[in-house]
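Below is query.txt, which holds compact mmCIF, C-alpha atoms and all ligand atoms.
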# COMPACT_ATOMS: atom_id res chain seq x y z
CA MET A 4 41.89 -18.18 -31.81
CA THR A 5 41.58 -14.75 -30.24
CA ASN A 6 43.59 -14.51 -27.04
CA PHE A 7 41.25 -12.94 -24.51
CA GLU A 8 43.86 -12.91 -21.77
CA GLU A 9 45.85 -10.53 -23.94
CA THR A 10 42.89 -8.31 -24.78
CA LYS A 11 42.03 -7.95 -21.09
CA LYS A 12 45.50 -6.52 -20.43
CA GLN A 13 44.73 -3.68 -22.80
CA PHE A 14 42.06 -2.14 -20.58
CA ILE A 15 42.24 -0.10 -17.40
CA LEU A 16 39.95 -1.62 -14.82
CA PRO A 17 40.07 -0.65 -11.14
CA GLU A 18 41.55 -3.31 -8.87
CA GLY A 19 38.91 -5.58 -7.39
CA VAL A 20 36.15 -4.54 -9.80
CA VAL A 21 34.23 -6.94 -12.03
CA TYR A 22 32.83 -4.71 -14.74
CA LEU A 23 29.58 -6.07 -16.11
CA ASP A 24 28.38 -2.78 -17.57
CA GLY A 25 30.38 -2.55 -20.78
CA ASN A 26 27.08 -2.80 -22.65
CA SER A 27 26.33 0.68 -21.34
CA LEU A 28 29.77 2.30 -21.17
CA GLY A 29 32.88 0.40 -22.20
CA PRO A 30 35.97 0.80 -19.96
CA MET A 31 39.01 2.77 -21.04
CA PRO A 32 41.61 1.04 -23.20
CA LYS A 33 45.18 1.82 -22.08
CA ASN A 34 46.19 3.34 -25.40
CA VAL A 35 43.56 6.08 -25.24
CA SER A 36 45.49 8.50 -23.03
CA ASP A 37 48.59 8.50 -25.26
CA LYS A 38 46.46 9.01 -28.33
CA LEU A 39 44.62 11.90 -26.70
CA ALA A 40 47.89 13.45 -25.51
CA ASN A 41 49.21 13.10 -29.04
CA VAL A 42 46.25 14.94 -30.53
CA LEU A 43 46.36 17.60 -27.82
CA TYR A 44 50.08 18.33 -27.80
CA ASP A 45 51.37 17.26 -31.21
CA GLU A 46 48.37 18.37 -33.18
CA TRP A 47 45.92 20.86 -31.71
CA SER A 48 48.41 22.94 -29.71
CA THR A 49 51.07 23.01 -32.40
CA MET A 50 49.23 22.73 -35.71
CA LEU A 51 46.27 24.82 -34.65
CA ILE A 52 43.87 25.09 -37.56
CA ASN A 53 46.25 23.27 -39.88
CA GLY A 54 45.29 20.12 -38.00
CA TRP A 55 42.23 19.78 -40.20
CA ASN A 56 44.51 19.15 -43.16
CA ASP A 57 47.87 18.13 -41.73
CA ALA A 58 46.57 15.74 -39.07
CA GLU A 59 43.65 14.73 -41.30
CA TRP A 60 41.05 15.47 -38.64
CA MET A 61 38.53 16.08 -41.38
CA PHE A 62 38.83 12.48 -42.57
CA GLN A 63 38.26 10.86 -39.17
CA PRO A 64 34.56 10.18 -39.94
CA GLU A 65 35.30 7.88 -42.87
CA TYR A 66 38.54 6.47 -41.39
CA LEU A 67 36.65 5.39 -38.27
CA GLY A 68 33.70 4.34 -40.42
CA ASN A 69 35.91 1.85 -42.23
CA LYS A 70 37.19 0.46 -38.95
CA ILE A 71 33.60 -0.06 -37.85
CA SER A 72 32.46 -1.49 -41.16
CA ARG A 73 34.82 -4.42 -40.58
CA ILE A 74 33.37 -5.02 -37.12
CA ILE A 75 29.79 -5.08 -38.43
CA GLY A 76 30.50 -7.05 -41.60
CA ALA A 77 29.76 -4.16 -43.93
CA GLU A 78 31.30 -3.04 -47.20
CA GLU A 79 34.28 -0.69 -47.37
CA ASN A 80 33.22 3.00 -47.49
CA SER A 81 29.70 2.34 -46.29
CA VAL A 82 29.92 3.84 -42.78
CA VAL A 83 30.65 7.30 -41.34
CA VAL A 84 31.04 8.35 -37.71
CA GLY A 85 29.78 11.45 -35.91
CA GLU A 86 26.81 12.96 -34.04
CA THR A 87 24.90 10.94 -31.43
CA LEU A 88 22.86 7.84 -32.01
CA SER A 89 19.56 9.66 -31.51
CA VAL A 90 20.50 12.05 -34.31
CA ARG A 91 21.50 9.14 -36.51
CA VAL A 92 18.12 7.49 -35.92
CA TYR A 93 16.45 10.68 -37.07
CA GLN A 94 18.77 10.98 -40.02
CA ALA A 95 18.15 7.41 -41.20
CA LEU A 96 14.41 7.65 -40.78
CA SER A 97 14.05 11.10 -42.32
CA SER A 98 16.16 10.02 -45.29
CA ALA A 99 14.28 6.76 -45.75
CA ILE A 100 10.89 8.40 -45.47
CA ARG A 101 11.48 10.31 -48.70
CA ASP A 102 11.43 7.02 -50.61
CA THR A 103 8.27 5.46 -49.23
CA LYS A 104 6.05 6.31 -52.20
CA LYS A 105 2.41 5.69 -51.25
CA ARG A 106 3.07 3.56 -48.18
CA LYS A 107 2.35 5.22 -44.86
CA ILE A 108 3.29 2.87 -42.04
CA ILE A 109 6.53 2.79 -40.09
CA LEU A 110 6.70 -0.52 -38.26
CA THR A 111 8.71 -0.94 -35.07
CA ASP A 112 8.41 -3.03 -31.91
CA SER A 113 7.85 -2.48 -28.23
CA GLY A 114 11.41 -3.59 -27.50
CA ASN A 115 12.80 -0.51 -29.16
CA PHE A 116 14.70 2.07 -27.14
CA PRO A 117 12.67 5.14 -26.13
CA SER A 118 14.94 7.61 -27.90
CA ASP A 119 14.40 5.78 -31.20
CA LEU A 120 10.64 5.94 -30.70
CA TYR A 121 10.72 9.60 -29.64
CA MET A 122 12.79 10.53 -32.67
CA ALA A 123 10.26 8.79 -34.91
CA GLN A 124 7.35 10.50 -33.14
CA GLY A 125 9.01 13.90 -33.51
CA LEU A 126 9.57 13.38 -37.21
CA LEU A 127 6.05 12.13 -37.84
CA GLU A 128 4.56 15.10 -35.99
CA LEU A 129 6.63 17.40 -38.14
CA LEU A 130 5.19 15.65 -41.20
CA ASN A 131 1.69 16.42 -39.92
CA ASP A 132 1.04 12.81 -38.99
CA GLN A 133 0.68 11.62 -42.57
CA PHE A 134 2.53 8.51 -41.42
CA GLU A 135 1.58 6.01 -38.74
CA LEU A 136 4.11 4.61 -36.26
CA ARG A 137 2.92 1.07 -35.67
CA VAL A 138 4.39 -0.69 -32.64
CA CYS A 139 4.02 -4.47 -32.55
CA GLU A 140 5.35 -7.12 -30.18
CA PRO A 141 8.93 -8.24 -30.93
CA ASN A 142 7.82 -11.79 -31.77
CA GLU A 143 5.14 -10.58 -34.17
CA ILE A 144 7.25 -8.70 -36.67
CA LEU A 145 7.22 -11.27 -39.44
CA LYS A 146 3.47 -11.50 -39.46
CA ASN A 147 3.16 -7.70 -39.58
CA LEU A 148 5.30 -7.35 -42.69
CA ASN A 149 3.23 -6.66 -45.78
CA GLU A 150 2.99 -4.31 -48.72
CA GLU A 151 1.45 -1.56 -46.62
CA ILE A 152 4.58 -1.12 -44.56
CA ALA A 153 6.91 1.62 -45.76
CA ILE A 154 9.78 1.30 -43.30
CA LEU A 155 10.79 -1.29 -40.74
CA MET A 156 12.77 0.35 -37.95
CA LEU A 157 14.07 -1.99 -35.28
CA THR A 158 16.71 -2.26 -32.64
CA ASP A 159 18.42 -5.63 -32.93
CA VAL A 160 19.08 -6.31 -29.24
CA ASP A 161 16.57 -5.25 -26.59
CA TYR A 162 18.38 -2.99 -24.09
CA ARG A 163 16.45 -4.45 -21.15
CA THR A 164 16.26 -8.18 -21.73
CA GLY A 165 18.98 -8.72 -24.32
CA ARG A 166 16.44 -10.43 -26.61
CA ARG A 167 17.88 -10.46 -30.08
CA HIS A 168 16.21 -10.41 -33.49
CA ASP A 169 17.17 -12.61 -36.40
CA ILE A 170 18.24 -9.76 -38.70
CA ALA A 171 18.93 -12.08 -41.64
CA GLU A 172 15.45 -13.56 -41.66
CA ILE A 173 13.48 -10.44 -40.80
CA ASN A 174 15.40 -8.26 -43.21
CA LYS A 175 14.89 -10.74 -46.04
CA ASN A 176 11.16 -10.86 -45.42
CA ALA A 177 11.00 -7.09 -45.27
CA LYS A 178 12.92 -6.67 -48.52
CA ASP A 179 10.69 -9.28 -50.20
CA ASN A 180 7.77 -7.02 -49.26
CA GLY A 181 9.47 -3.92 -50.68
CA ILE A 182 10.07 -2.41 -47.23
CA ILE A 183 12.98 -0.09 -46.40
CA THR A 184 14.90 -1.40 -43.38
CA ILE A 185 16.66 0.48 -40.58
CA TRP A 186 18.50 -1.47 -37.89
CA ASP A 187 19.79 0.03 -34.67
CA LEU A 188 22.90 -1.91 -33.66
CA ALA A 189 23.53 -0.09 -30.35
CA HIS A 190 23.84 -3.34 -28.39
CA SER A 191 25.10 -5.43 -31.30
CA ALA A 192 28.16 -3.70 -32.76
CA GLY A 193 31.17 -5.20 -31.01
CA ALA A 194 29.01 -7.86 -29.37
CA LEU A 195 27.71 -10.07 -32.17
CA ASN A 196 29.05 -11.42 -35.41
CA LEU A 197 27.14 -9.14 -37.74
CA LYS A 198 27.09 -9.58 -41.51
CA LEU A 199 25.49 -6.46 -42.83
CA LYS A 200 26.75 -6.97 -46.33
CA ASP A 201 25.23 -10.46 -46.63
CA TRP A 202 21.97 -9.36 -45.04
CA ASN A 203 21.27 -6.58 -47.53
CA VAL A 204 20.18 -4.11 -44.85
CA ASP A 205 19.30 -0.62 -46.11
CA TYR A 206 20.33 1.53 -43.15
CA ALA A 207 22.06 0.73 -39.87
CA ILE A 208 23.08 2.95 -37.00
CA GLY A 209 24.78 2.39 -33.69
CA CYS A 210 26.85 3.90 -30.94
CA THR A 211 30.50 3.49 -30.07
CA TYR A 212 30.53 4.03 -26.31
CA LYS A 213 28.96 0.66 -25.45
CA PHE A 214 30.69 -2.51 -26.70
CA LEU A 215 33.16 -0.51 -28.82
CA ASN A 216 34.64 1.28 -25.76
CA GLY A 217 34.91 4.70 -27.41
CA GLY A 218 34.42 6.62 -24.16
CA PRO A 219 31.53 8.55 -22.60
CA GLY A 220 29.56 10.34 -25.31
CA SER A 221 31.72 9.03 -28.15
CA PRO A 222 30.12 9.56 -31.57
CA ALA A 223 27.64 7.31 -33.33
CA PHE A 224 27.86 5.70 -36.76
CA ILE A 225 25.58 5.31 -39.74
CA TYR A 226 25.71 2.68 -42.46
CA VAL A 227 23.88 2.94 -45.77
CA ASN A 228 23.83 0.09 -48.24
CA PRO A 229 26.19 1.01 -51.12
CA LYS A 230 23.51 -0.19 -53.56
CA ILE A 231 21.23 2.68 -52.58
CA ILE A 232 23.51 5.38 -51.18
CA ASP A 233 23.79 7.32 -54.42
CA MET A 234 20.00 7.65 -54.56
CA ILE A 235 19.64 8.79 -50.95
CA LYS A 236 18.74 12.36 -50.11
CA PRO A 237 20.33 12.86 -46.70
CA SER A 238 17.58 15.05 -45.12
CA LEU A 239 20.01 16.40 -42.54
CA MET A 240 21.86 18.38 -45.14
CA GLY A 241 24.86 19.63 -43.21
CA TRP A 242 27.70 21.38 -44.95
CA LEU A 243 30.15 18.52 -44.48
CA GLY A 244 27.82 16.20 -46.37
CA HIS A 245 28.06 18.55 -49.34
CA LYS A 246 30.00 17.42 -52.38
CA THR A 247 32.36 20.39 -52.10
CA PRO A 248 31.89 21.99 -48.67
CA PHE A 249 34.68 24.49 -49.15
CA ASP A 250 33.06 26.02 -52.22
CA PHE A 251 30.53 27.41 -49.72
CA SER A 252 27.90 27.26 -52.39
CA HIS A 253 24.33 28.08 -51.39
CA LYS A 254 22.99 25.14 -53.32
CA TYR A 255 23.24 21.76 -51.63
CA ILE A 256 24.75 18.96 -53.68
CA PRO A 257 25.12 15.65 -51.81
CA GLY A 258 28.63 14.29 -51.35
CA THR A 259 29.73 11.09 -53.05
CA GLY A 260 28.56 7.86 -51.50
CA ILE A 261 28.44 7.64 -47.72
CA ASN A 262 30.09 11.07 -47.39
CA ARG A 263 26.66 12.61 -47.82
CA MET A 264 25.67 11.28 -44.40
CA LYS A 265 28.23 13.50 -42.69
CA ILE A 266 26.58 16.49 -41.09
CA GLY A 267 28.80 18.89 -39.16
CA THR A 268 32.30 19.31 -37.75
CA PRO A 269 33.82 16.06 -36.44
CA PRO A 270 34.39 15.84 -32.65
CA VAL A 271 38.15 15.55 -33.01
CA LEU A 272 39.04 14.67 -29.41
CA ALA A 273 36.29 12.10 -29.10
CA ASN A 274 37.29 10.67 -32.45
CA ALA A 275 40.89 10.43 -31.27
CA ALA A 276 39.83 8.35 -28.25
CA LEU A 277 37.72 6.19 -30.53
CA THR A 278 40.62 5.71 -32.94
CA ALA A 279 42.64 4.23 -30.09
CA SER A 280 39.73 2.15 -28.77
CA LEU A 281 39.01 0.58 -32.14
CA GLN A 282 42.59 -0.63 -32.60
CA ILE A 283 41.97 -3.74 -30.56
CA TRP A 284 39.34 -4.94 -33.04
CA ASP A 285 42.02 -5.63 -35.65
CA THR A 286 43.00 -8.63 -33.51
CA ILE A 287 39.50 -9.94 -32.77
CA ASN A 288 37.76 -12.78 -34.56
CA MET A 289 34.05 -12.09 -34.17
CA ASP A 290 33.14 -15.80 -34.10
CA ASP A 291 35.54 -16.29 -31.18
CA LEU A 292 34.08 -13.27 -29.44
CA ARG A 293 30.54 -14.52 -29.84
CA SER A 294 31.36 -18.06 -28.59
CA LYS A 295 33.16 -16.64 -25.59
CA SER A 296 30.26 -14.31 -24.84
CA ILE A 297 27.82 -17.23 -24.94
CA GLU A 298 30.09 -19.33 -22.71
CA LEU A 299 30.38 -16.56 -20.10
CA SER A 300 26.66 -15.78 -20.27
CA GLU A 301 25.71 -19.44 -19.70
CA ARG A 302 28.14 -19.58 -16.82
CA LEU A 303 26.48 -16.60 -15.14
CA ILE A 304 22.95 -17.88 -15.80
CA ASN A 305 23.71 -21.37 -14.53
CA GLY A 306 25.66 -20.09 -11.54
CA LEU A 307 22.78 -17.93 -10.38
CA LYS A 308 20.03 -20.40 -11.23
CA SER A 309 20.64 -22.63 -8.23
CA SER A 310 21.89 -19.99 -5.79
CA CYS A 311 19.25 -17.31 -6.47
CA PRO A 312 15.93 -18.90 -7.38
CA ASN A 313 14.14 -15.58 -6.80
CA LEU A 314 16.01 -13.92 -9.67
CA LYS A 315 13.93 -14.69 -12.72
CA LEU A 316 15.83 -14.77 -16.00
CA ALA A 317 14.57 -11.94 -18.21
CA SER A 318 16.86 -12.82 -21.09
CA PRO A 319 16.02 -15.58 -23.56
CA THR A 320 17.11 -19.01 -22.33
CA VAL A 321 18.41 -20.01 -25.77
CA ALA A 322 21.87 -18.49 -26.26
CA GLN A 323 21.33 -17.70 -29.95
CA ASP A 324 18.36 -15.52 -29.07
CA ARG A 325 20.38 -13.32 -26.71
CA GLY A 326 22.71 -10.43 -27.35
CA SER A 327 25.69 -10.07 -25.04
CA GLN A 328 23.98 -9.36 -21.74
CA VAL A 329 22.14 -11.29 -19.07
CA SER A 330 19.17 -9.71 -17.32
CA PHE A 331 17.03 -10.77 -14.39
CA TYR A 332 13.70 -9.64 -13.08
CA PHE A 333 13.80 -8.88 -9.39
CA GLU A 334 11.29 -6.78 -7.52
CA HIS A 335 14.06 -5.10 -5.51
CA GLY A 336 16.31 -4.79 -8.53
CA TYR A 337 17.41 -1.21 -7.92
CA PRO A 338 18.72 -1.57 -4.37
CA ALA A 339 20.06 -5.04 -5.19
CA VAL A 340 22.19 -3.64 -8.00
CA GLN A 341 23.48 -0.85 -5.69
CA ALA A 342 24.44 -3.40 -3.03
CA ILE A 343 26.19 -5.52 -5.66
CA ILE A 344 28.07 -2.51 -7.01
CA ASP A 345 29.10 -1.63 -3.45
CA ARG A 346 30.82 -5.03 -3.34
CA GLY A 347 32.73 -4.54 -6.58
CA VAL A 348 30.49 -6.05 -9.25
CA ILE A 349 29.21 -3.32 -11.52
CA GLY A 350 25.95 -3.98 -13.33
CA ASP A 351 22.98 -1.69 -13.76
CA PHE A 352 19.22 -1.40 -13.42
CA ARG A 353 16.48 -0.70 -15.92
CA SER A 354 13.06 0.33 -14.74
CA PRO A 355 10.80 -1.14 -13.53
CA ASN A 356 12.53 -4.31 -12.28
CA ILE A 357 15.44 -5.40 -14.43
CA MET A 358 18.99 -6.10 -13.26
CA ARG A 359 21.37 -6.07 -16.23
CA PHE A 360 24.81 -7.58 -16.59
CA GLY A 361 26.84 -6.96 -19.74
CA ILE A 362 29.07 -9.76 -20.97
CA THR A 363 32.21 -8.50 -22.68
CA PRO A 364 34.85 -11.15 -23.40
CA LEU A 365 37.52 -8.57 -24.25
CA TYR A 366 38.02 -7.97 -20.52
CA ILE A 367 35.74 -10.36 -18.61
CA SER A 368 37.03 -13.84 -17.76
CA GLU A 369 35.52 -16.98 -16.22
CA LYS A 370 37.11 -15.96 -12.95
CA ASP A 371 35.31 -12.62 -13.07
CA ILE A 372 32.01 -14.35 -13.70
CA ASP A 373 32.58 -16.70 -10.77
CA LEU A 374 33.34 -13.78 -8.49
CA ALA A 375 30.21 -12.02 -9.73
CA ILE A 376 28.12 -15.13 -9.03
CA ASP A 377 29.49 -15.22 -5.48
CA ILE A 378 28.79 -11.59 -4.76
CA ILE A 379 25.35 -11.49 -6.39
CA SER A 380 24.36 -14.66 -4.50
CA THR A 381 25.56 -13.26 -1.19
CA VAL A 382 23.61 -10.04 -1.69
CA ILE A 383 20.41 -11.79 -2.76
CA GLN A 384 20.47 -14.67 -0.27
CA ASN A 385 21.07 -12.36 2.67
CA SER A 386 18.90 -9.46 1.44
CA LEU A 387 21.91 -7.19 1.84
CA TRP A 388 20.17 -4.71 -0.47
CA ASP A 389 17.57 -3.96 2.19
CA LYS A 390 19.16 -0.72 3.44
CA PRO A 391 18.00 2.88 2.94
CA LYS A 392 21.30 3.89 1.34
CA TYR A 393 20.72 1.47 -1.53
CA LYS A 394 17.15 2.59 -2.15
CA LYS A 395 17.79 6.23 -2.92
CA ARG A 396 17.46 6.54 -6.71
CA LYS A 397 20.25 8.32 -8.55
CA PHE A 398 19.51 10.14 -11.82
CA VAL A 399 21.39 7.62 -13.93
CA THR A 400 20.37 4.11 -12.99
C1 LIG A 501 22.14 3.51 -26.08
C2 LIG A 501 21.05 3.66 -27.08
C3 LIG A 501 20.69 4.93 -27.59
C4 LIG A 501 21.31 6.17 -27.04
O1 LIG A 501 21.30 7.23 -27.96
P1 LIG A 501 22.28 8.46 -27.74
O2 LIG A 501 21.83 9.45 -28.72
O3 LIG A 501 23.67 7.98 -27.96
O4 LIG A 501 22.12 8.92 -26.33
C5 LIG A 501 19.74 4.99 -28.58
N1 LIG A 501 19.14 3.87 -29.06
C6 LIG A 501 19.45 2.64 -28.58
C7 LIG A 501 18.77 1.43 -29.14
C8 LIG A 501 20.40 2.51 -27.57
O5 LIG A 501 20.69 1.31 -27.06

Exercise: express the given structure as structure tokens:
Amino acid sequence: MTNFEETKKQFILPEGVVYLDGNSLGPMPKNVSDKLANVLYDEWSTMLINGWNDAEWMFQPEYLGNKISRIIGAEENSVVVGETLSVRVYQALSSAIRDTKKRKIILTDSGNFPSDLYMAQGLLELLNDQFELRVCEPNEILKNLNEEIAILMLTDVDYRTGRRHDIAEINKNAKDNGIITIWDLAHSAGALNLKLKDWNVDYAIGCTYKFLNGGPGSPAFIYVNPKIIDMIKPSLMGWLGHKTPFDFSHKYIPGTGINRMKIGTPPVLANAALTASLQIWDTINMDDLRSKSIELSERLINGLKSSCPNLKLASPTVAQDRGSQVSFYFEHGYPAVQAIIDRGVIGDFRSPNIMRFGITPLYISEKDIDLAIDIISTVIQNSLWDKPKYKKRKFVT
């Protein structure tokens, strides 16, 4: 049984703060600063350019990829790390789109994250709109899968409501219809017990700064099913995805396996922080994590149900249909979240009216949830949000 009291001790969290925003930016694990200092002073400053070889900076993308593959239930050597998630969305889609034969429809749903949709739109414009981006409702995916669909591109967990797809079922149906699948795991990796290998997903992508606690702007990851990787043309043909980058040949030859999905120079400092952050996952049983997340989520939902009847649950009521966050609709959501943050409970707001609370068992306990219930209830029952200072919108909400 994973010991969540021990995992909590491995994070730095300000005194008196209940951090319910780890779905947006994970907090800093204590071992990150030593790791960064190590890379700064024992590697960069002393090894200089030799660090690429001697400190193996160049191999961070696959080293970290293998750490992540275990967290998402994927095969060894099926994941690499680098770039941002938006770029990885583009990379997956632009690689998949080469293999669509005569099919012309990319299916997604209205619960997808805007950046994923924008990336798709940008690519389709570039391809002179030969393809159609079809956006259906999240509960209508199965009935929209047919032999006209080329690619199914979905985000597993809805960033606003936490509504979660059944990847196993949807992916199976898609594959039965000959559809290429791309799953965005931004709010799933490190939150759910994923089994990519069993599910036979084609592509998956995700970020590391949310539930994986890699730090602000930490790099994204991409998974490609080992059964197809050797047939994939990467589309974003960066030099580090080349079979032999240091031959500096003018002709692109894709690297072996997942290596071909590398693009450019690894962000060494960010990768160092991520290396430290991912250590904790060696001790985590994902079934334990998921049960604890459900337990804490139910506790928050039930605690607020009676005390705050005017907060309407935006997340699915059935635990299995939720990711690892709890969201509420509230007309005055923005100022309410600011007033709650002011009192030490950090959540966030998503336009137009959603209050979001991330549930992260690695560092959130029952006690934290109870404190959050108290503070949220006090703010809502007494309309403490109704002050000009809470209504002024900041850029990042
Ligand atoms: C967080 C998130 C992103 C963010 O992309 P970046 O390129 O890292 O800014 C993209 N897609 C989804 C589904 C997300 O949840």

Show me which residues sit within 9 Å of ligand LIG 501 (chain A) when counting only C-alpha atoms and all ligand atoms, and put them as a PyMOL selection string.
-> chain A and resi 26-27+86-92+115-120+157-162+187-190+208-213+220-223

Any idea what's packed within 12 Å of Val382 of chain A, counting only C-alpha atoms, ignoring anything in its chain fewer than 2 positions away? Could you give it as number ranges by chain?
-> A: 307, 310-311, 314, 335-336, 338-348, 375-380, 384-390, 393

Filtering to C-alpha atoms, could you give me those residues as a compact mmCIF listing (two decimals), in the coordinates of the input?
# COMPACT_ATOMS: atom_id res chain seq x y z
CA LEU A 307 22.78 -17.93 -10.38
CA SER A 310 21.89 -19.99 -5.79
CA CYS A 311 19.25 -17.31 -6.47
CA LEU A 314 16.01 -13.92 -9.67
CA HIS A 335 14.06 -5.10 -5.51
CA GLY A 336 16.31 -4.79 -8.53
CA PRO A 338 18.72 -1.57 -4.37
CA ALA A 339 20.06 -5.04 -5.19
CA VAL A 340 22.19 -3.64 -8.00
CA GLN A 341 23.48 -0.85 -5.69
CA ALA A 342 24.44 -3.40 -3.03
CA ILE A 343 26.19 -5.52 -5.66
CA ILE A 344 28.07 -2.51 -7.01
CA ASP A 345 29.10 -1.63 -3.45
CA ARG A 346 30.82 -5.03 -3.34
CA GLY A 347 32.73 -4.54 -6.58
CA VAL A 348 30.49 -6.05 -9.25
CA ALA A 375 30.21 -12.02 -9.73
CA ILE A 376 28.12 -15.13 -9.03
CA ASP A 377 29.49 -15.22 -5.48
CA ILE A 378 28.79 -11.59 -4.76
CA ILE A 379 25.35 -11.49 -6.39
CA SER A 380 24.36 -14.66 -4.50
CA GLN A 384 20.47 -14.67 -0.27
CA ASN A 385 21.07 -12.36 2.67
CA SER A 386 18.90 -9.46 1.44
CA LEU A 387 21.91 -7.19 1.84
CA TRP A 388 20.17 -4.71 -0.47
CA ASP A 389 17.57 -3.96 2.19
CA LYS A 390 19.16 -0.72 3.44
CA TYR A 393 20.72 1.47 -1.53

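You will find atom CA of Phe62 of chain A at 10.1 Å from atom CA of Asn262 of chain A.
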
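Note that the spacing between atom CA of Glu369 of chain A and atom CA of Leu299 of chain A amounts to 6.5 Å.
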
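In terms of minimum interatomic distance to Lys200 of chain A, A:Ile74 ranks closest within A:Met61, A:Cys139, A:Ile74, A:Ala279, counting only C-alpha atoms.
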
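Using only C-alpha atoms for every distance, the candidate list A:Arg163, A:Ile256, A:Leu23, A:Ser72 yields A:Ile256 as the residue closest to Gly244 of chain A.
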
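Among the candidates A:Leu136, A:Leu365, A:Leu126, A:Met234, the residue lying nearest to Thr286 of chain A is A:Leu365 (atoms considered: all atoms listed in the file).
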
Got a sec: who's within 9 Å of Val271 of chain A, counting all atoms listed in the file, leaving out chain neighbours fewer than 3 positions off, as a list in words?
-> Val42, Trp60, Met61, Gln63, Thr268, Asn274, Ala275 and Ala276 of chain A

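One distance worth recording is that between atom CA of Met240 of chain A and atom CA of Met122 of chain A, which is 17.3 Å.
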
Please enclose the listed atoms of segment 284-288 of chain A in an axis-aligned box, pad each side by 4 Å, and write out the centre and the three edge lengths in Å, rounded to one decimal, as JSON.
{"center_x": 40.4, "center_y": -8.9, "center_z": -34.2, "size_x": 13.2, "size_y": 15.8, "size_z": 10.9}

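The closest residue to Phe352 of chain A, picked from A:Asn41, A:Ser296, A:Thr164, A:Ser238 and counting all atoms listed in the file, is A:Thr164.
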
Long-range neighbours of Arg106 of chain A as a short mmCIF file (atom, residue, chain, number, x, y, z; two decimals) with C-alpha atoms, in the coordinates of the input, 10 Å cut-off, all atoms listed in the file, 6 positions minimum in chain:
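File produced: result-v7.cif:
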data_model
loop_
_atom_site.label_atom_id
_atom_site.label_comp_id
_atom_site.auth_asym_id
_atom_site.auth_seq_id
_atom_site.Cartn_x
_atom_site.Cartn_y
_atom_site.Cartn_z
CA ILE A 100 10.89 8.40 -45.47
CA PHE A 134 2.53 8.51 -41.42
CA GLU A 135 1.58 6.01 -38.74
CA GLU A 150 2.99 -4.31 -48.72
CA GLU A 151 1.45 -1.56 -46.62
CA ILE A 152 4.58 -1.12 -44.56
CA ALA A 153 6.91 1.62 -45.76
CA ILE A 154 9.78 1.30 -43.30
CA ILE A 182 10.07 -2.41 -47.23
#

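The smallest atom-to-atom distance between Leu277 of chain A and any of A:Lys265, A:Arg167, A:Lys38, A:Lys105, using only C-alpha atoms, is found for A:Lys38.
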
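Minimum distance to Ile266 of chain A across A:Met358, A:Val83, A:Val21, A:Ala194 (counting only C-alpha atoms) occurs at A:Val83.
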
Test item: residues at most 12 Å from Asn203 of chain A, only C-alpha atoms, excluding those fewer than 6 positions along its chain, as a ChimeraX atom specification = /A:76-78,170-179,182-186,197,226-231

Residues within 10 Å of Ile362 of chain A, all atoms listed in the file, excluding chain neighbours under 4 positions, as a ChimeraX atom specification = /A:22-26,194,214,295-300,303,326-329,366-368,372

Distance query 9 Å from (15.4, 7.5, -45.6) using all atoms listed in the file, result as an NGL selection string = :A and (94-103 or 154 or 183 or 185 or 206 or 235-238)

Take segment 69-78 of chain A, model N, CA and C atoms, and hand the result over as a PDB file, in the frame of the given file.
ATOM      1  N   ASN A  69      35.360   3.081 -41.637  1.00  0.00           N
ATOM      2  CA  ASN A  69      35.910   1.850 -42.230  1.00  0.00           C
ATOM      3  C   ASN A  69      36.361   0.859 -41.181  1.00  0.00           C
ATOM      4  N   LYS A  70      36.841   1.364 -40.058  1.00  0.00           N
ATOM      5  CA  LYS A  70      37.190   0.460 -38.950  1.00  0.00           C
ATOM      6  C   LYS A  70      35.930  -0.259 -38.463  1.00  0.00           C
ATOM      7  N   ILE A  71      34.849   0.512 -38.353  1.00  0.00           N
ATOM      8  CA  ILE A  71      33.600  -0.060 -37.850  1.00  0.00           C
ATOM      9  C   ILE A  71      32.965  -0.984 -38.880  1.00  0.00           C
ATOM     10  N   SER A  72      33.099  -0.639 -40.148  1.00  0.00           N
ATOM     11  CA  SER A  72      32.460  -1.490 -41.160  1.00  0.00           C
ATOM     12  C   SER A  72      33.003  -2.917 -41.065  1.00  0.00           C
ATOM     13  N   ARG A  73      34.267  -3.061 -40.717  1.00  0.00           N
ATOM     14  CA  ARG A  73      34.820  -4.420 -40.580  1.00  0.00           C
ATOM     15  C   ARG A  73      34.199  -5.142 -39.386  1.00  0.00           C
ATOM     16  N   ILE A  74      33.923  -4.395 -38.327  1.00  0.00           N
ATOM     17  CA  ILE A  74      33.370  -5.020 -37.120  1.00  0.00           C
ATOM     18  C   ILE A  74      31.911  -5.454 -37.343  1.00  0.00           C
ATOM     19  N   ILE A  75      31.203  -4.741 -38.209  1.00  0.00           N
ATOM     20  CA  ILE A  75      29.790  -5.080 -38.430  1.00  0.00           C
ATOM     21  C   ILE A  75      29.570  -5.825 -39.753  1.00  0.00           C
ATOM     22  N   GLY A  76      30.624  -6.245 -40.381  1.00  0.00           N
ATOM     23  CA  GLY A  76      30.500  -7.050 -41.600  1.00  0.00           C
ATOM     24  C   GLY A  76      29.934  -6.268 -42.771  1.00  0.00           C
ATOM     25  N   ALA A  77      30.287  -4.995 -42.847  1.00  0.00           N
ATOM     26  CA  ALA A  77      29.760  -4.160 -43.930  1.00  0.00           C
ATOM     27  C   ALA A  77      30.828  -3.920 -44.989  1.00  0.00           C
ATOM     28  N   GLU A  78      30.407  -3.345 -46.103  1.00  0.00           N
ATOM     29  CA  GLU A  78      31.300  -3.040 -47.200  1.00  0.00           C
ATOM     30  C   GLU A  78      32.235  -1.896 -46.815  1.00  0.00           C
TER      31      GLU A  78
END
